[in-house]
Amino acid sequence: MKTNVTGSSRGFSLLGFITVVSPNYIKAVQHLYKEAGITEGRALAIANIAQQDTSPYFILFSLPKITLRADVIEFTGPPPSGSPAARGSTTALTRRAAQAALFHVPPS
């Protein structure tokens with residue numbers, strides 16, 4: 001388990017309101033996954049995601065930034081009895097856990 005893993009993306013705005021390059025949420029998530037060491041086939045999930053948007057202003061420009069901070073959880077051992085994974089539906093469980101972690105989907 002890792003705590004306080006971060007991923008971020010920066011942008012650039014001229015005069016503070018003319019956006020030249022926007023910070024990209026998807027790039028921030030990709031950086032978070034890379035920093036966390038999440039790869040396909042490993043039983044890892046992201047939990048406790050917090051997003052922070054900052055935009056320091058200077059005289060002629062600003063630098064907007066999206067920062068994501070999260071904890072990484074590793075699942076070990078056999079799944080609890082009665083769970084979809086115990087019944088052989090690991091794809092549904094993994095997809096549902098990923099959606100809940102990234103998009104705050106309530107459990108079904």
# chains A, B, ... in the order shown; residues from 1 in each chain; ligands from 1
call {"tool": "residues_around", "arguments": {"residues": "A:Ala50", "least_positions_apart": "5", "cutoff": "7 Å", "atoms": "only C-alpha atoms", "output": "PDB file with N, CA and C atoms, in the first residue's frame"}}
result
ATOM      1  N   LEU A  68      -3.802  15.596  -8.424  1.00  0.00           N
ATOM      2  CA  LEU A  68      -4.586  14.522  -7.824  1.00  0.00           C
ATOM      3  C   LEU A  68      -3.722  13.832  -6.778  1.00  0.00           C
ATOM      4  N   ARG A  69      -4.305  13.566  -5.638  1.00  0.00           N
ATOM      5  CA  ARG A  69      -3.604  12.899  -4.547  1.00  0.00           C
ATOM      6  C   ARG A  69      -4.458  11.719  -4.112  1.00  0.00           C
ATOM      7  N   ALA A  70      -3.837  10.545  -3.941  1.00  0.00           N
ATOM      8  CA  ALA A  70      -4.614   9.349  -3.604  1.00  0.00           C
ATOM      9  C   ALA A  70      -3.768   8.345  -2.840  1.00  0.00           C
TER      10      ALA A  70
END
call {"tool": "select_by_dssp", "arguments": {"residues": "stretch 18-89 of chain A", "states": "helix (DSSP H, G or I)", "output": "VMD selection string"}}
result
chain A and resid 25 to 36
call {"tool": "closest_residue", "arguments": {"among": "A:Ile26, A:Ile46, A:Ile66, A:Leu60", "to": "A:Met1", "atoms": "only C-alpha atoms"}}
result
A:Ile46
call {"tool": "select_by_dssp", "arguments": {"residues": "stretch 17-76 of chain A", "states": "strand (DSSP E or B)", "output": "VMD selection string"}}
result
chain A and resid 18 to 21 44 to 54 57 61 to 62 65 to 74
call {"tool": "atom_distance", "arguments": {"atom1": "atom CA of A:Val72", "atom2": "atom CA of A:Gly11"}}
result
26.4 Å
call {"tool": "atom_distance", "arguments": {"atom1": "atom CA of A:Phe17", "atom2": "atom CA of A:Leu63"}}
result
10.7 Å
call {"tool": "closest_residue", "arguments": {"among": "A:Ser9, A:Ile73, A:Pro64, A:Gln52", "to": "A:Gln30", "atoms": "only C-alpha atoms"}}
result
A:Ser9
call {"tool": "closest_residue", "arguments": {"among": "A:Asn4, A:Thr76, A:Thr67, A:Ser55", "to": "A:Val29", "atoms": "only C-alpha atoms"}}
result
A:Thr67
